[in-house]
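Student: As input, take query-v8.cif (mmCIF, C-alpha atoms (C1' of nucleotides)):
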```cif
data_entry
#
loop_
_atom_site.label_atom_id
_atom_site.label_comp_id
_atom_site.auth_asym_id
_atom_site.auth_seq_id
_atom_site.Cartn_x
_atom_site.Cartn_y
_atom_site.Cartn_z
CA MET K 71 -2.94 10.53 18.31
CA LYS K 72 -3.56 6.86 18.45
CA ARG K 73 -3.81 5.73 14.88
CA GLU K 74 -6.40 3.02 14.83
CA LYS K 75 -5.36 0.65 12.14
CA LYS K 76 -8.01 1.01 9.55
CA ALA K 77 -7.63 -0.07 5.96
CA ASP K 78 -11.27 -0.54 5.15
CA LEU K 79 -10.49 -1.53 1.62
CA LEU K 80 -7.19 -2.65 0.29
CA GLN K 81 -4.96 -0.43 -1.71
CA GLY K 82 -5.53 -0.91 -5.36
CA THR K 83 -9.18 -1.82 -5.23
CA LEU K 84 -10.45 1.73 -5.13
CA ASP K 85 -9.76 2.51 -8.77
CA MET K 86 -11.67 -0.56 -9.81
CA LEU K 87 -14.64 0.36 -7.66
CA ILE K 88 -14.74 3.91 -8.98
CA LEU K 89 -14.50 2.79 -12.58
CA LYS K 90 -17.22 0.27 -11.99
CA ALA K 91 -19.50 2.85 -10.41
CA VAL K 92 -18.93 5.31 -13.21
CA SER K 93 -19.34 2.64 -15.86
CA LEU K 94 -23.03 2.47 -14.96
CA GLY K 95 -23.47 6.07 -16.02
CA PRO K 96 -21.95 9.50 -15.41
CA LEU K 97 -21.86 10.46 -11.78
CA HIS K 98 -20.35 13.03 -9.49
CA GLY K 99 -17.98 12.33 -6.65
CA TYR K 100 -20.38 12.46 -3.81
CA GLY K 101 -22.70 10.16 -5.70
CA ILE K 102 -19.92 7.70 -6.41
CA ILE K 103 -19.42 7.22 -2.70
CA GLN K 104 -23.09 6.58 -2.21
CA ARG K 105 -23.35 4.27 -5.18
CA ILE K 106 -20.44 2.13 -4.03
CA HIS K 107 -21.86 2.03 -0.55
CA GLN K 108 -25.20 0.93 -1.83
CA MET K 109 -23.93 -1.53 -4.43
CA SER K 110 -21.80 -3.27 -1.86
CA GLY K 111 -24.74 -3.80 0.43
CA GLU K 112 -23.53 -1.14 2.86
CA MET K 113 -20.24 -2.99 3.27
CA LEU K 114 -17.88 -0.53 1.65
CA GLN K 115 -17.55 3.06 2.76
CA VAL K 116 -15.21 5.17 0.68
CA GLU K 117 -13.90 8.25 2.43
CA GLN K 118 -13.93 11.60 0.69
CA GLY K 119 -10.27 12.02 1.43
CA SER K 120 -9.64 8.85 -0.52
CA LEU K 121 -12.04 9.49 -3.33
CA TYR K 122 -11.11 12.92 -4.58
CA PRO K 123 -7.40 12.28 -4.94
CA ALA K 124 -8.28 9.02 -6.64
CA LEU K 125 -10.60 10.75 -9.06
CA TYR K 126 -7.92 13.25 -9.92
CA ARG K 127 -5.45 10.45 -10.47
CA ILE K 128 -7.83 8.50 -12.63
CA GLU K 129 -8.71 11.50 -14.72
CA GLN K 130 -5.03 12.25 -15.29
CA LYS K 131 -4.62 8.76 -16.64
CA GLY K 132 -7.44 9.34 -19.07
CA TRP K 133 -9.79 6.74 -17.66
CA VAL K 134 -12.54 9.22 -16.97
CA THR K 135 -13.48 12.69 -18.12
CA SER K 136 -15.28 15.28 -16.08
CA GLN K 137 -17.52 18.26 -16.62
CA TRP K 138 -19.47 20.53 -14.38
CA GLU K 139 -23.17 20.10 -14.65
CA VAL K 140 -26.29 20.66 -12.67
CA ASN K 141 -27.96 17.65 -11.20
CA GLU K 142 -31.68 17.00 -10.82
CA THR K 143 -31.81 18.84 -7.51
CA GLY K 144 -30.39 21.99 -9.03
CA ARG K 145 -26.92 21.81 -7.54
CA ARG K 146 -23.76 22.06 -9.52
CA ALA K 147 -21.55 19.04 -9.44
CA LYS K 148 -18.66 17.60 -11.39
CA PHE K 149 -19.83 14.64 -13.36
CA TYR K 150 -17.40 11.93 -14.32
CA SER K 151 -17.81 9.70 -17.35
CA ILE K 152 -15.81 6.63 -18.16
CA THR K 153 -13.70 6.63 -21.31
CA ARG K 154 -12.88 3.81 -23.67
CA ALA K 155 -9.49 3.52 -22.01
CA GLY K 156 -11.20 3.48 -18.64
CA ALA K 157 -13.44 0.64 -19.72
CA SER K 158 -10.53 -1.52 -20.74
CA GLN K 159 -8.68 -0.56 -17.60
CA LEU K 160 -11.70 -1.73 -15.63
CA GLU K 161 -11.64 -5.02 -17.45
CA ALA K 162 -7.95 -5.42 -16.76
CA GLU K 163 -8.33 -4.65 -13.10
CA GLU K 164 -11.20 -7.04 -12.74
CA ALA K 165 -9.19 -9.80 -14.37
CA SER K 166 -6.27 -9.00 -12.11
CA TRP K 167 -8.55 -9.06 -9.11
CA ASP K 168 -9.91 -12.44 -10.14
CA ARG K 169 -6.41 -13.83 -10.44
CA LEU K 170 -5.50 -12.57 -7.00
CA VAL K 171 -8.63 -13.97 -5.42
CA LEU K 172 -7.93 -17.29 -7.06
CA ALA K 173 -4.32 -17.33 -5.96
CA ILE K 174 -5.20 -16.54 -2.38
CA ALA K 175 -7.92 -19.15 -2.40
CA LYS K 176 -5.30 -21.68 -3.45
CA VAL K 177 -3.01 -20.67 -0.64
CA ARG K 178 -5.82 -20.93 1.85
CA GLN K 179 -6.95 -24.36 0.81
CA ALA K 180 -3.47 -25.74 1.21
CA THR K 181 -3.00 -28.20 4.01
CA MET N 1130 14.38 5.64 -13.33
CA LYS N 1131 11.07 4.78 -14.81
CA ARG N 1132 9.15 3.15 -12.02
CA GLU N 1133 7.16 0.37 -13.59
CA LYS N 1134 3.93 0.16 -11.72
CA LYS N 1135 4.09 -3.05 -9.85
CA ALA N 1136 1.94 -3.94 -6.87
CA ASP N 1137 1.98 -7.68 -7.29
CA LEU N 1138 -0.20 -8.26 -4.31
CA LEU N 1139 -2.39 -5.81 -2.54
CA GLN N 1140 -1.38 -4.12 0.63
CA GLY N 1141 -2.66 -5.97 3.61
CA THR N 1142 -2.72 -9.42 2.11
CA LEU N 1143 0.90 -10.17 2.87
CA ASP N 1144 0.44 -10.69 6.59
CA MET N 1145 -2.32 -13.16 5.95
CA LEU N 1146 -0.22 -15.10 3.48
CA ILE N 1147 2.74 -15.27 5.82
CA LEU N 1148 0.63 -16.38 8.74
CA LYS N 1149 -1.00 -19.01 6.58
CA ALA N 1150 2.33 -20.31 5.39
CA VAL N 1151 3.74 -20.47 8.89
CA SER N 1152 0.57 -22.06 10.24
CA LEU N 1153 1.46 -25.21 8.32
CA GLY N 1154 4.61 -25.58 10.35
CA PRO N 1155 7.68 -23.60 11.39
CA LEU N 1156 9.57 -22.16 8.48
CA HIS N 1157 12.32 -19.69 7.73
CA GLY N 1158 11.97 -16.57 5.64
CA TYR N 1159 13.39 -17.85 2.43
CA GLY N 1160 11.18 -20.90 2.69
CA ILE N 1161 8.10 -18.80 3.30
CA ILE N 1162 8.60 -17.12 -0.04
CA GLN N 1163 8.91 -20.46 -1.75
CA ARG N 1164 5.96 -21.95 0.06
CA ILE N 1165 3.67 -19.08 -0.85
CA HIS N 1166 4.87 -19.24 -4.42
CA GLN N 1167 4.21 -22.92 -4.61
CA MET N 1168 0.90 -22.91 -2.73
CA SER N 1169 -0.46 -20.22 -5.00
CA GLY N 1170 0.31 -22.24 -8.08
CA GLU N 1171 3.23 -19.99 -8.99
CA MET N 1172 0.93 -16.99 -9.06
CA LEU N 1173 2.26 -15.06 -6.09
CA GLN N 1174 5.86 -13.97 -5.80
CA VAL N 1175 6.76 -12.26 -2.54
CA GLU N 1176 9.85 -10.10 -2.69
CA GLN N 1177 12.50 -10.38 -0.01
CA GLY N 1178 12.34 -6.65 0.51
CA SER N 1179 8.70 -7.06 1.39
CA LEU N 1180 9.00 -10.22 3.40
CA TYR N 1181 11.67 -9.44 5.95
CA PRO N 1182 10.21 -6.17 7.14
CA ALA N 1183 6.84 -7.88 7.31
CA LEU N 1184 8.26 -10.70 9.41
CA TYR N 1185 9.81 -8.23 11.80
CA ARG N 1186 6.50 -6.38 12.04
CA ILE N 1187 4.56 -9.56 12.64
CA GLU N 1188 6.94 -10.77 15.28
CA GLN N 1189 6.71 -7.46 17.11
CA LYS N 1190 2.97 -7.90 17.25
CA GLY N 1191 3.40 -11.30 18.80
CA TRP N 1192 1.87 -13.28 15.99
CA VAL N 1193 4.99 -15.35 15.42
CA THR N 1194 8.10 -16.25 17.34
CA SER N 1195 11.48 -16.97 15.86
CA GLN N 1196 14.59 -18.91 16.68
CA TRP N 1197 17.77 -19.73 14.87
CA GLU N 1198 18.08 -23.34 13.91
CA VAL N 1199 19.78 -25.50 11.38
CA ASN N 1200 17.74 -26.90 8.56
CA GLU N 1201 18.02 -30.28 6.91
CA THR N 1202 20.69 -29.07 4.53
CA GLY N 1203 22.92 -27.96 7.36
CA ARG N 1204 22.43 -24.23 6.97
CA ARG N 1205 21.49 -21.94 9.77
CA ALA N 1206 18.20 -20.17 9.33
CA LYS N 1207 15.70 -18.29 11.43
CA PHE N 1208 12.61 -20.36 11.89
CA TYR N 1209 9.29 -18.71 12.54
CA SER N 1210 6.43 -20.36 14.39
CA ILE N 1211 2.90 -19.10 14.65
CA THR N 1212 1.57 -18.21 18.09
CA ARG N 1213 -1.91 -18.56 19.48
CA ALA N 1214 -2.44 -14.85 18.88
CA GLY N 1215 -1.15 -15.31 15.36
CA ALA N 1216 -3.63 -18.06 14.71
CA SER N 1217 -6.57 -15.93 15.74
CA GLN N 1218 -5.17 -13.03 13.77
CA LEU N 1219 -5.06 -15.30 10.76
CA GLU N 1220 -8.68 -16.22 11.29
CA ALA N 1221 -9.63 -12.58 11.60
CA GLU N 1222 -7.79 -11.62 8.45
CA GLU N 1223 -9.31 -14.45 6.51
CA ALA N 1224 -12.78 -13.40 7.63
CA SER N 1225 -12.02 -9.83 6.68
CA TRP N 1226 -10.75 -10.96 3.33
CA ASP N 1227 -13.92 -12.95 2.73
CA ARG N 1228 -16.03 -9.92 3.53
CA LEU N 1229 -14.08 -7.79 1.10
CA VAL N 1230 -14.29 -10.35 -1.66
CA LEU N 1231 -18.01 -10.62 -1.11
CA ALA N 1232 -18.52 -6.87 -1.09
CA ILE N 1233 -16.57 -6.41 -4.29
CA ALA N 1234 -18.43 -9.24 -5.93
CA LYS N 1235 -21.65 -7.44 -5.11
CA VAL N 1236 -20.41 -4.24 -6.64
CA ARG N 1237 -19.35 -6.06 -9.76
CA GLN N 1238 -22.61 -7.84 -10.31
CA ALA N 1239 -24.52 -4.59 -10.15
CA THR N 1240 -26.12 -3.45 -13.33
"C1'" DC F 1214 -31.86 30.84 11.62
"C1'" DA F 1215 -29.71 26.69 12.96
"C1'" DG F 1216 -28.51 22.52 11.48
"C1'" DC F 1217 -27.96 19.04 8.32
"C1'" DA F 1218 -27.17 16.98 3.82
"C1'" DC F 1219 -25.00 17.85 -0.29
"C1'" DA F 1220 -20.76 18.77 -2.89
"C1'" DC F 1221 -16.04 20.05 -3.57
"C1'" DC F 1222 -11.12 20.07 -2.11
"C1'" DT F 1223 -6.39 19.99 0.53
"C1'" DT F 1224 -2.96 18.83 3.89
"C1'" DG F 1225 -0.29 15.84 6.70
"C1'" DA F 1226 0.59 11.54 8.61
"C1'" DC F 1227 1.14 6.79 8.03
"C1'" DA F 1228 1.64 1.98 6.58
"C1'" DT F 1229 3.11 -0.93 3.24
"C1'" DC F 1230 5.47 -2.35 -0.60
"C1'" DC F 1231 9.19 -2.44 -4.13
"C1'" DT F 1232 13.81 -1.63 -6.04
"C1'" DA F 1233 18.28 -2.21 -5.24
"C1'" DG F 1234 21.60 -2.95 -2.99
"C1'" DG F 1235 24.99 -5.67 0.71
"C1'" DC F 1236 26.71 -9.82 3.26
"C1'" DA F 1237 27.82 -14.83 4.02
"C1'" DT F 1238 27.70 -19.80 3.05
"C1'" DC F 1239 27.39 -23.85 0.33
"C1'" DC F 1240 27.28 -26.60 -3.98
"C1'" DC F 1241 28.00 -27.51 -8.75
"C1'" DT F 1242 30.22 -26.80 -12.96
"C1'" DT F 1243 33.87 -25.70 -15.63
"C1'" DA B 1419 40.55 -23.66 -8.35
"C1'" DA B 1420 37.50 -20.30 -9.74
"C1'" DG B 1421 33.24 -18.86 -10.77
"C1'" DG B 1422 28.49 -18.57 -10.57
"C1'" DG B 1423 24.21 -19.73 -8.69
"C1'" DA B 1424 21.17 -20.93 -5.06
"C1'" DT B 1425 20.30 -20.37 -0.29
"C1'" DG B 1426 19.70 -17.35 3.58
"C1'" DC B 1427 19.66 -12.92 6.09
"C1'" DC B 1428 19.15 -7.89 6.13
"C1'" DT B 1429 18.71 -2.55 5.18
"C1'" DA B 1430 17.92 2.02 2.99
"C1'" DG B 1431 15.33 4.82 0.03
"C1'" DG B 1432 11.61 6.05 -2.50
"C1'" DA B 1433 6.87 5.61 -4.41
"C1'" DT B 1434 2.17 4.94 -3.57
"C1'" DG B 1435 -2.33 4.97 -1.72
"C1'" DT B 1436 -5.35 5.59 2.09
"C1'" DC B 1437 -7.14 7.93 6.03
"C1'" DA B 1438 -8.19 11.58 9.46
"C1'" DA B 1439 -9.10 16.04 9.81
"C1'" DG B 1440 -9.75 20.04 8.39
"C1'" DG B 1441 -11.79 23.89 5.16
"C1'" DT B 1442 -15.38 26.14 1.74
"C1'" DG B 1443 -19.96 26.96 0.04
"C1'" DT B 1444 -25.04 26.03 -1.10
"C1'" DG B 1445 -29.67 24.60 -0.42
"C1'" DC B 1446 -33.38 22.61 2.21
"C1'" DT B 1447 -36.10 21.97 6.41
"C1'" DG B 1448 -37.71 22.45 10.92
#
```
Reformat the file's structure so that it appears as C-alpha coordinates.
Tutor:
Amino acid sequence: MKREKKADLLQGTLDMLILKAVSLGPLHGYGIIQRIHQMSGEMLQVEQGSLYPALYRIEQKGWVTSQWEVNETGRRAKFYSITRAGASQLEAEEASWDRLVLAIAKVRQAT
Amino acid sequence: MKREKKADLLQGTLDMLILKAVSLGPLHGYGIIQRIHQMSGEMLQVEQGSLYPALYRIEQKGWVTSQWEVNETGRRAKFYSITRAGASQLEAEEASWDRLVLAIAKVRQAT
DNA sequence: CAGCACACCTTGACATCCTAGGCATCCCTT
DNA sequence: AAGGGATGCCTAGGATGTCAAGGTGTGCTG
(Lines of atoms letter the chains of each structure in order from A and count residues from 1; the text may use other names and numbers.)
(Lines give C-alpha, C1' and ligand atoms only; values in the text may rest on other atoms or scores of the structure.)
Protein backbone atom coordinates (compact mmCIF):
# COMPACT_ATOMS: atom_id res chain seq x y z
CA MET A 1 0.00 0.00 0.00
CA LYS A 2 2.04 2.86 -1.25
CA ARG A 3 0.91 5.86 0.71
CA GLU A 4 1.06 8.76 -1.65
CA LYS A 5 1.92 11.73 0.43
CA LYS A 6 -1.15 13.85 0.29
CA ALA A 7 -1.93 16.61 2.72
CA ASP A 8 -4.21 18.63 0.54
CA LEU A 9 -4.79 21.16 3.24
CA LEU A 10 -2.71 21.68 6.30
CA GLN A 11 -3.74 20.44 9.67
CA GLY A 12 -5.51 23.10 11.57
CA THR A 13 -7.07 24.91 8.66
CA LEU A 14 -10.07 22.63 8.36
CA ASP A 15 -11.88 23.93 11.42
CA MET A 16 -11.56 27.45 10.13
CA LEU A 17 -12.92 26.50 6.74
CA ILE A 18 -15.88 24.66 8.21
CA LEU A 19 -16.72 27.50 10.56
CA LYS A 20 -16.48 29.94 7.71
CA ALA A 21 -18.76 27.86 5.51
CA VAL A 22 -21.32 27.46 8.25
CA SER A 23 -21.12 31.12 9.19
CA LEU A 24 -22.81 31.95 5.89
CA GLY A 25 -25.88 30.03 6.97
CA PRO A 26 -26.87 26.62 8.32
CA LEU A 27 -25.70 23.77 6.17
CA HIS A 28 -25.34 20.02 6.25
CA GLY A 29 -22.11 18.12 5.96
CA TYR A 30 -22.29 17.16 2.36
CA GLY A 31 -23.13 20.74 1.48
CA ILE A 32 -20.21 22.07 3.49
CA ILE A 33 -17.83 20.11 1.31
CA GLN A 34 -19.41 21.52 -1.80
CA ARG A 35 -19.50 25.04 -0.46
CA ILE A 36 -15.83 25.01 0.47
CA HIS A 37 -14.96 23.53 -2.88
CA GLN A 38 -16.89 26.19 -4.67
CA MET A 39 -15.79 29.12 -2.50
CA SER A 40 -12.16 28.22 -2.99
CA GLY A 41 -12.51 28.25 -6.74
CA GLU A 42 -12.32 24.47 -6.95
CA MET A 43 -8.96 24.52 -5.19
CA LEU A 44 -9.88 22.84 -1.94
CA GLN A 45 -11.44 19.41 -1.75
CA VAL A 46 -12.37 18.28 1.74
CA GLU A 47 -12.72 14.54 2.11
CA GLN A 48 -15.71 13.07 3.89
CA GLY A 49 -13.41 11.11 6.14
CA SER A 50 -11.93 14.39 7.27
CA LEU A 51 -15.13 16.34 7.52
CA TYR A 52 -17.36 14.20 9.67
CA PRO A 53 -14.88 13.66 12.48
CA ALA A 54 -14.13 17.37 12.34
CA LEU A 55 -17.79 18.25 12.59
CA TYR A 56 -18.18 15.99 15.58
CA ARG A 57 -15.16 17.58 17.20
CA ILE A 58 -16.38 21.08 16.52
CA GLU A 59 -19.82 20.34 17.85
CA GLN A 60 -18.35 18.90 21.04
CA LYS A 61 -16.52 22.14 21.55
CA GLY A 62 -19.74 24.05 21.23
CA TRP A 63 -18.83 25.95 18.09
CA VAL A 64 -21.75 24.61 16.12
CA THR A 65 -25.08 23.01 16.87
CA SER A 66 -26.85 20.50 14.72
CA GLN A 67 -30.37 19.33 14.02
CA TRP A 68 -31.93 16.98 11.57
CA GLU A 69 -34.02 18.69 8.98
CA VAL A 70 -35.32 18.16 5.51
CA ASN A 71 -33.70 20.10 2.75
CA GLU A 72 -35.35 21.59 -0.32
CA THR A 73 -35.04 18.35 -2.25
CA GLY A 74 -36.92 16.42 0.39
CA ARG A 75 -33.99 14.54 1.89
CA ARG A 76 -33.19 14.45 5.54
CA ALA A 77 -29.88 15.92 6.51
CA LYS A 78 -28.15 17.17 9.60
CA PHE A 79 -27.90 20.90 9.49
CA TYR A 80 -25.16 22.67 11.37
CA SER A 81 -25.42 26.23 12.64
CA ILE A 82 -22.63 28.32 14.03
CA THR A 83 -22.86 29.45 17.65
CA ARG A 84 -21.68 32.63 19.26
CA ALA A 85 -18.66 30.77 20.57
CA GLY A 86 -18.07 29.41 17.09
CA ALA A 87 -18.12 32.89 15.63
CA SER A 88 -15.46 34.13 18.00
CA GLN A 89 -13.46 30.98 17.45
CA LEU A 90 -13.61 31.71 13.74
CA GLU A 91 -12.33 35.19 14.35
CA ALA A 92 -9.51 33.88 16.49
CA GLU A 93 -8.49 31.30 13.94
CA GLU A 94 -8.53 33.82 11.16
CA ALA A 95 -6.33 36.15 13.16
CA SER A 96 -4.00 33.29 13.94
CA TRP A 97 -3.91 32.34 10.29
CA ASP A 98 -3.07 35.90 9.34
CA ARG A 99 -0.20 35.95 11.80
CA LEU A 100 1.18 32.72 10.44
CA VAL A 101 0.93 33.89 6.85
CA LEU A 102 2.70 37.08 7.80
CA ALA A 103 5.43 35.27 9.69
CA ILE A 104 6.09 32.90 6.83
CA ALA A 105 6.12 35.75 4.37
CA LYS A 106 8.81 37.38 6.48
CA VAL A 107 10.88 34.24 6.47
CA ARG A 108 10.54 33.92 2.74
CA GLN A 109 11.56 37.45 1.94
CA ALA A 110 14.73 37.09 3.94
CA THR A 111 17.92 37.14 1.95
CA MET B 1 -1.46 16.25 32.54
CA LYS B 2 -3.62 18.85 30.96
CA ARG B 3 -2.42 19.08 27.40
CA GLU B 4 -2.58 22.72 26.46
CA LYS B 5 -3.51 22.86 22.85
CA LYS B 6 -0.47 24.11 21.10
CA ALA B 7 0.22 23.76 17.41
CA ASP B 8 2.43 26.77 16.99
CA LEU B 9 2.90 26.20 13.33
CA LEU B 10 0.86 24.07 11.04
CA GLN B 11 1.90 20.64 10.00
CA GLY B 12 3.73 20.71 6.75
CA THR B 13 5.18 24.17 7.03
CA LEU B 14 8.21 23.10 9.01
CA ASP B 15 10.03 21.47 6.11
CA MET B 16 9.64 24.60 4.07
CA LEU B 17 10.98 26.78 6.85
CA ILE B 18 13.98 24.57 7.42
CA LEU B 19 14.80 24.40 3.74
CA LYS B 20 14.48 28.15 3.47
CA ALA B 21 16.76 28.71 6.43
CA VAL B 22 19.38 26.33 5.10
CA SER B 23 19.12 27.78 1.60
CA LEU B 24 20.75 30.94 2.92
CA GLY B 25 23.86 29.00 3.78
CA PRO B 26 24.94 25.91 5.70
CA LEU B 27 23.78 25.90 9.27
CA HIS B 28 23.50 23.58 12.24
CA GLY B 29 20.30 22.58 13.96
CA TYR B 30 20.45 24.93 16.88
CA GLY B 31 21.19 27.78 14.52
CA ILE B 32 18.27 26.88 12.29
CA ILE B 33 15.91 27.40 15.18
CA GLN B 34 17.43 30.78 15.89
CA ARG B 35 17.46 31.82 12.26
CA ILE B 36 13.81 30.96 11.76
CA HIS B 37 12.93 32.76 14.96
CA GLN B 38 14.80 35.82 13.90
CA MET B 39 13.68 35.82 10.26
CA SER B 40 10.06 35.59 11.29
CA GLY B 41 10.36 38.62 13.50
CA GLU B 42 10.25 36.51 16.65
CA MET B 43 6.91 35.08 15.60
CA LEU B 44 7.90 31.48 14.98
CA GLN B 45 9.50 29.31 17.60
CA VAL B 46 10.51 25.84 16.43
CA GLU B 47 10.92 23.30 19.19
CA GLN B 48 13.98 21.08 19.28
CA GLY B 49 11.75 18.05 19.54
CA SER B 50 10.23 19.06 16.24
CA LEU B 51 13.38 20.14 14.52
CA TYR B 52 15.72 17.20 14.92
CA PRO B 53 13.31 14.55 13.70
CA ALA B 54 12.45 16.84 10.82
CA LEU B 55 16.10 17.26 9.92
CA TYR B 56 16.60 13.52 9.94
CA ARG B 57 13.53 13.10 7.73
CA ILE B 58 14.68 15.76 5.32
CA GLU B 59 18.14 14.35 5.07
CA GLN B 60 16.76 10.89 4.33
CA LYS B 61 14.85 12.38 1.44
CA GLY B 62 18.02 13.87 0.07
CA TRP B 63 17.03 17.48 0.44
CA VAL B 64 19.96 18.32 2.68
CA THR B 65 23.33 16.85 3.49
CA SER B 66 25.13 17.12 6.78
CA GLN B 67 28.64 17.06 8.11
CA TRP B 68 30.22 17.66 11.46
CA GLU B 69 32.25 20.80 11.62
CA VAL B 70 33.47 23.32 14.12
CA ASN B 71 31.78 26.67 14.23
CA GLU B 72 33.33 30.05 14.87
CA THR B 73 33.04 29.65 18.62
CA GLY B 74 35.02 26.44 18.58
CA ARG B 75 32.16 24.05 19.20
CA ARG B 76 31.45 21.03 17.10
CA ALA B 77 28.12 21.07 15.35
CA LYS B 78 26.41 19.27 12.52
CA PHE B 79 26.09 21.57 9.57
CA TYR B 80 23.34 21.06 7.05
CA SER B 81 23.54 22.17 3.44
CA ILE B 82 20.73 22.25 0.95
CA THR B 83 20.99 20.03 -2.12
CA ARG B 84 19.78 20.64 -5.62
CA ALA B 85 16.80 18.40 -4.90
CA GLY B 86 16.20 20.35 -1.73
CA ALA B 87 16.15 23.59 -3.62
CA SER B 88 13.50 22.39 -6.02
CA GLN B 89 11.56 20.92 -3.15
CA LEU B 90 11.64 24.31 -1.52
CA GLU B 91 10.30 25.89 -4.67
CA ALA B 92 7.54 23.31 -4.86
CA GLU B 93 6.54 23.81 -1.26
CA GLU B 94 6.51 27.55 -1.63
CA ALA B 95 4.27 27.26 -4.68
CA SER B 96 2.00 24.91 -2.81
CA TRP B 97 1.89 27.27 0.11
CA ASP B 98 0.96 30.15 -2.18
CA ARG B 99 -1.86 28.13 -3.65
CA LEU B 100 -3.20 27.31 -0.23
CA VAL B 101 -3.01 30.89 0.96
CA LEU B 102 -4.82 32.00 -2.15
CA ALA B 103 -7.51 29.36 -1.82
CA ILE B 104 -8.16 30.23 1.80
CA ALA B 105 -8.25 33.90 0.99
CA LYS B 106 -10.96 33.15 -1.54
CA VAL B 107 -12.98 31.25 0.99
CA ARG B 108 -12.66 34.06 3.47
CA GLN B 109 -13.75 36.79 1.13
CA ALA B 110 -16.91 34.90 0.26
CA THR B 111 -20.11 36.43 1.43
C1' DC C 1 -33.63 -1.66 -12.62
C1' DA C 2 -29.05 -0.06 -12.75
C1' DG C 3 -26.36 3.50 -11.71
C1' DC C 4 -25.31 7.75 -9.89
C1' DA C 5 -25.65 11.63 -6.73
C1' DC C 6 -26.86 12.64 -2.27
C1' DA C 7 -26.12 12.06 2.69
C1' DC C 8 -24.41 9.94 6.81
C1' DC C 9 -20.76 7.45 9.41
C1' DT C 10 -16.59 4.42 11.08
C1' DT C 11 -12.18 2.19 11.12
C1' DG C 12 -7.32 1.90 10.63
C1' DA C 13 -3.13 3.70 9.17
C1' DC C 14 -0.04 7.40 9.04
C1' DA C 15 2.65 11.65 9.44
C1' DT C 16 3.81 15.27 12.15
C1' DC C 17 4.31 17.77 16.12
C1' DC C 18 4.94 18.65 21.14
C1' DT C 19 6.30 17.63 25.91
C1' DA C 20 9.75 16.11 28.50
C1' DG C 21 13.31 14.26 29.29
C1' DG C 22 18.85 13.02 28.77
C1' DC C 23 23.76 14.06 27.53
C1' DA C 24 27.99 16.98 26.86
C1' DT C 25 30.64 21.28 26.47
C1' DC C 26 31.74 25.97 27.26
C1' DC C 27 31.38 30.56 29.50
C1' DC C 28 30.13 33.76 33.00
C1' DT C 29 29.01 34.94 37.53
C1' DT C 30 29.25 34.46 42.15
C1' DA D 1 35.44 26.51 42.57
C1' DA D 2 30.79 25.82 41.93
C1' DG D 3 26.80 26.76 39.80
C1' DG D 4 23.84 28.00 36.28
C1' DG D 5 22.90 29.20 31.71
C1' DA D 6 23.55 28.99 26.88
C1' DT D 7 24.95 26.09 23.20
C1' DG D 8 24.49 21.80 20.79
C1' DC D 9 22.83 17.06 19.95
C1' DC D 10 19.32 13.46 20.52
C1' DT D 11 15.19 10.19 21.86
C1' DA D 12 10.75 8.32 23.62
C1' DG D 13 5.99 8.81 24.24
C1' DG D 14 1.75 10.58 23.45
C1' DA D 15 -1.74 13.59 21.19
C1' DT D 16 -3.75 15.16 17.09
C1' DG D 17 -5.60 15.56 12.62
C1' DT D 18 -6.02 13.89 8.03
C1' DC D 19 -6.72 10.45 4.58
C1' DA D 20 -8.06 6.09 2.25
C1' DA D 21 -11.29 2.87 2.22
C1' DG D 22 -14.91 0.93 3.46
C1' DG D 23 -20.14 0.61 4.85
C1' DT D 24 -25.38 2.11 4.95
C1' DG D 25 -29.48 4.00 2.91
C1' DT D 26 -32.49 7.04 -0.20
C1' DG D 27 -34.05 9.24 -4.28
C1' DC D 28 -33.77 10.43 -9.09
C1' DT D 29 -33.01 9.37 -13.96
C1' DG D 30 -32.14 6.93 -18.02
Student: Applying the PyMOL selection byres ((chain N) within 12 of (chain B)) to the file I just gave you, which residues come out? Please list them as a PyMOL selection string.
Tutor: chain N and resi 1130-1136+1139-1141+1157-1163+1177-1182+1184-1185+1197+1199-1200+1202-1208
Student: Given a cut-off of 7 Å, which residues of chain N touch chain K, counting all atoms listed in the file, written out as a PyMOL selection string?
Tutor: chain N and resi 1139-1141+1153+1165+1168-1169+1172-1173+1232-1233+1235-1236+1239-1240
Student: How would you write, as an NGL selection string, the residues chosen by the PyMOL selection byres ((chain F) within 8 of (chain K)) on this structure?
Tutor: :F and (1219-1220 or 1222)
Student: Could the residues in this selection be saved with C-alpha atoms (C1' of nucleotides) as an mmCIF file, in the frame of the given file?
Tutor:
```cif
data_model
loop_
_atom_site.group_PDB
_atom_site.id
_atom_site.type_symbol
_atom_site.label_atom_id
_atom_site.label_comp_id
_atom_site.auth_asym_id
_atom_site.auth_seq_id
_atom_site.Cartn_x
_atom_site.Cartn_y
_atom_site.Cartn_z
ATOM 1 C "C1'" DC F 1219 -25.000 17.850 -0.290
ATOM 2 C "C1'" DA F 1220 -20.760 18.770 -2.890
ATOM 3 C "C1'" DC F 1222 -11.120 20.070 -2.110
#
```
Student: Atom C1' of DT1232 of chain F to atom CA of Val1175 of chain N: how many Å, to one decimal?
Tutor: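 Calculated distance between atom C1' of DT1232 of chain F and atom CA of Val1175 of chain N is 13.2 Å.
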Student: Using all atoms listed in the file - which residues lie no farther than 8 Å from the point (-16.0, 8.5, -13.6) in the file's frame? Write them as a list in words.
Tutor: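 With a cut-off of 8 Å, the residues come to Ile88, Leu89, Ala91, Val92, Ser93, Pro96, Leu97, His98, Leu125, Glu129, Trp133, Val134, Thr135, Ser136, Phe149, Tyr150, Ser151 and Ile152 of chain K.
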Student: So how many Å separate atom CA of Ile128 of chain K and atom CA of Ala157 of chain K, to one decimal?
Tutor: 12.0 Å
Student: At what distance in Å, to one decimal, does atom CA of Gln137 of chain K lie from atom CA of Arg154 of chain K?
Tutor: 16.7 Å
Student: Enclose the full set of atoms of segment 1165-1173 of chain N listed in the file within a box whose edges lie along x, y and z, apply 8 Å of padding to each of the six sides, and report centre and edge lengths in Å to one decimal as JSON.
Tutor:
```
{"center_x": 2.2, "center_y": -19.0, "center_z": -5.0, "size_x": 21.3, "size_y": 23.9, "size_z": 24.2}
```
